[in-house]
Structure formats: C-alpha cells, structure tokens
Amino acid sequence: MLGHVDVNSAYASWERVFRPDLDGVPLVVLSNNDGMIVASSREAKGMGLDLGEPWFKLRPHAERLGIRAVSSNYELYQDMSNRTMRILERFASEVDVYSIDEAFLTIDRRTSKDVDAMTDLGRLIRDEVRRLVGVPVCVGIAPNRTLSKLANRCAKKVPVFEGVCVWPATRPEWREQLMRRLPVSEVWGIASRLQRRLNTLGIESVWDLATADPVFIRKQFNVTVMRTALELRGVECIGPEEDRTGKKDQLIVSRSFSEKVTTVNGIRQALSVYAQQMSARLTRHQQVGKHLMAFAGTAHFAEQKHYPQVKVRLPFPTADPVELTRAAHTLLPQIQDGA
C-alpha cells in the first residue's frame with residue numbers, strides 16, 4: 001500500500017504558521033515583486049481567486065473583500081517542506097518526495113493488511129504534522145500512486161473522512177459511484193489536452209477510463225495512459241520518478257525573491273545559496289554536473305526588463321559547492337545595481 005500526503009494550500013498554510021492573524025481570512029501569496037497570485041488559501045479559492053491573476057487588478061478591491069496578500073518567500077517554504085518531509089520519514093521506510101508539498105509513503109506489509117491500522121496511521125500522520133509543523137495535511141492510502149492521489153482528493157473534499165481516506169476501507173459501490181461522477185481530468189496526469197482527446201472517444205469520467213480496454217488505450221495514446229487506466233483498477237504500474245526516467249539529465253534550483261533584490265551583493269548571496277542547494281541535490285542523487293547555467297530577471301511587470309544569463313562549462317564533472325558557486329558568480333558582471 002502507498003500513502004499520499006499533501007499539505008493543504010501549502011504556501012498559505014506555511015505563512016500562517018508565523019502569522020496567526022491570517023487564519024480564517026482569504027489569503028493570497030504573490031509572485032516575484034508582487035506581480036500575480038501564485039497560491040491561495042481555501043477561503044480565497046472559494047472566492048474564485050485563480051492562480052496567475054494579476055495583483056494590480058485585485059489590489060483596489062482587496063480591503064473591501066477582506067483579502068490579505070503576502071509576498072512569496074520560497075526559502076521559507078523549502079525549509080518548511082524539509083521539516084514536513086523529515087516527519088513523514090518517521091512513519092515509512094521509503095518516502096518519495098514528489099513535490100515541495102506532497103510525498104508518497106510506502107506502508108509496511110503488516111499495516112497494509114489491516115484497514116483499521118492504515119486508518120490509525122493516516123490519522124497519526126495528520127495529527128503529528130499539525131502538532132510539530134503547524135500545518136494541515138490530508139492523507140490518502142491505496143494500492144498505487146494513482147488511487148492514493150484520488151483517495152487524498154476524497155480526504156480533502158469529503159468532510160466525513162476528516163482528512164484521511166483509506167481506499168480499501170470504502171465500499172466498492174461507493175467507489176464506483178464516485179468514479180462515475182468525477183470527470184476524467186481528476187485523474188493524476190490527465191491534463192486538459194489529453195482530457196479532450198479522451199472525451200472524443202467517449203471516455204468522460206474516471207470510471208470510463210478505469211473500465212476501458214487497456215490495449216485500446218495504448219494504441220490510441222501511449223503506455224503511460226494505459227498504466228494510469230490499469231492503476232485505476234488497482235494494479236500497481238507506476239513507480240517512483242527515478243524508476244521511470246532514470247537519473248535526471250538536469251537539475252534546477254530557481255526561486256522568486258520574497259522582496260526586491262537591487263544590488264550585486266544581494267544577487268551574489270542568492271547565487272551562493274542556490275549553488276550550495278544544487279550541490280546538496282547532486283550529492284543526494286549521487287550525480288555530478290558538467291555544465292552550469294545561471295540566470296536572473298526582473299519582474300514581468302517591471303517597466304525596465306533585464307534578463308541576464310551565463311552558461312559555464314565546469315573544469316571537471318563535480319558536485320563541489322565551491323566550484324559550483326564560483327561558476328554561478330560569473331553571472332555577476334551582467335547584474336546592474338539598482339535594477
């Protein structure tokens with residue numbers, strides 16, 4: 001069995017840990033230089049505040065609507081994510097960190113045989129993350145990744161689950177009814193373009209995809225969609241990212257600053273931090289790099305735009321933070337003070 005743990009409205013929740021005054025109010029997190037909305041709380045989502053909405057359009061109405069806004073702080077979010085993932089490691093021998101706010105956990109065989117034990121585990125994870133980090137999470141437990149993501153959605157949207165949904169503990173007829181009601185776009189990995197193609201073949205609901213002929217799906221699309229269809233039936237087909245793709249050809253550390261950085265020294269410090277983070281990631285994946293690209297840019301809405309970048313061939317394949325920092329600093333001559 002696999003568990004999927006997801007931080008609810010992650011950026012907003014992490015901000016509220018340090019700003020209790022933001023609890024219960026519509027909260028949006030803004031991008032670099034407060035250009036647009038990149039995340040929103042449950043209350044803000046309920047008001048229809050979509051990601052990518054330019055803040056300058058909403059700012060005049062924010063006070064009247066009770067909307068609060070904060071600048072994004074990606075270094076804080078990464079730190080809070082690391083804390084969350086370290087807690088999850090206490091509950092499973094294998095933790096596959098899928099993104100900054102979600103991870104898959106391998107449930108041990110003994111617990112996997114008992115739905116009550118899995119429910120207790122999910123509730124313990126939920127409660128411990130809340131107690132130690134201060135953020136709400138939902139937990140979905142199912143035989144594979146696709147169903148555990150779907151179970152997590154149920155845990156988040158259906159109040160009776162109270163944030164924890166164990167797929168095998170639900171009644172088969174309930175699962176069928178749910179899958180018939182949900183559009184196929186609710187399935188992990190089915191984006192809008194693929195949804196339209198599926199719809200033209202009469203596959204409109206999650207149930208339609210789950211009951212479709214796998215051979216037909218593979219011929220019409222590809223093996224990835226076929227595996228997704230099989231997973232909806234309970235067959236485990238999709239492994240961790242590195243099992244499917246092997247080691248990555250490139251790693252990227254890219255962040256928007258929480259406040260404007262207008263000096264060469266400020267950029268120097270940021271490049272040093274990011275180079276060290278890249279070194280840590282390379283070491284964790286037992287990899288080295290041969291080339292490094294450093295880049296920066298002004299906000300999309302800035303009057304004067306500036307997007308310097310530099311590509312450096314390293315003297316030898318390495319994960320050494322000193323070498324990576326030295327290479328990243330070659331961007332500095334292109335940085336304009338005051339930009």
# chains A, B, ... in the order shown; residues from 1 in each chain; ligands from 1
call {"tool": "residues_around", "arguments": {"residues": "stretch 133-138 of chain A", "least_positions_apart": "5", "cutoff": "9 Å", "atoms": "only C-alpha atoms", "output": "list in words"}}
result
His4, Val5, Asp6, Val7, Asn8, Ser9, Ala10, Ser13, Trp14, Arg16, Val17, Met80, Arg83, Thr84, Ile87, Gly122, Ile125, Arg126, Asp127, Glu128, Asn152, Arg153, Ala155, Lys156, Glu162, Gly163, Val164 and Cys165 of chain A
call {"tool": "residues_around", "arguments": {"residues": "stretch 292-296 of chain A", "least_positions_apart": "5", "cutoff": "7 Å", "atoms": "only C-alpha atoms", "output": "ChimeraX atom specification"}}
result
/A:307-313,328,331
call {"tool": "select_by_dssp", "arguments": {"residues": "stretch 40-260 of chain A", "states": "strand (DSSP E or B)", "output": "ChimeraX atom specification"}}
result
/A:40,54,68-71,95-99,102-106,137-142,164-166,183,205
call {"tool": "closest_residue", "arguments": {"among": "A:Ala169, A:Asp320, A:Leu150, A:Gly266", "to": "A:Leu182", "atoms": "only C-alpha atoms"}}
result
A:Leu150
call {"tool": "residues_around", "arguments": {"residues": "stretch 113-118 of chain A", "least_positions_apart": "4", "cutoff": "10 Å", "atoms": "only C-alpha atoms", "output": "list in words"}}
result
Met1, Gly3, Ile107, Asp108, Arg109, Gly122, Arg123, Leu124, Gly140, Ile141, Ala142, Val164, Cys165, Val166, Trp167, Pro168, Ala169 and Thr170 of chain A
call {"tool": "atom_distance", "arguments": {"atom1": "atom CA of A:Cys154", "atom2": "atom CA of A:Leu209"}}
result
18.3 Å
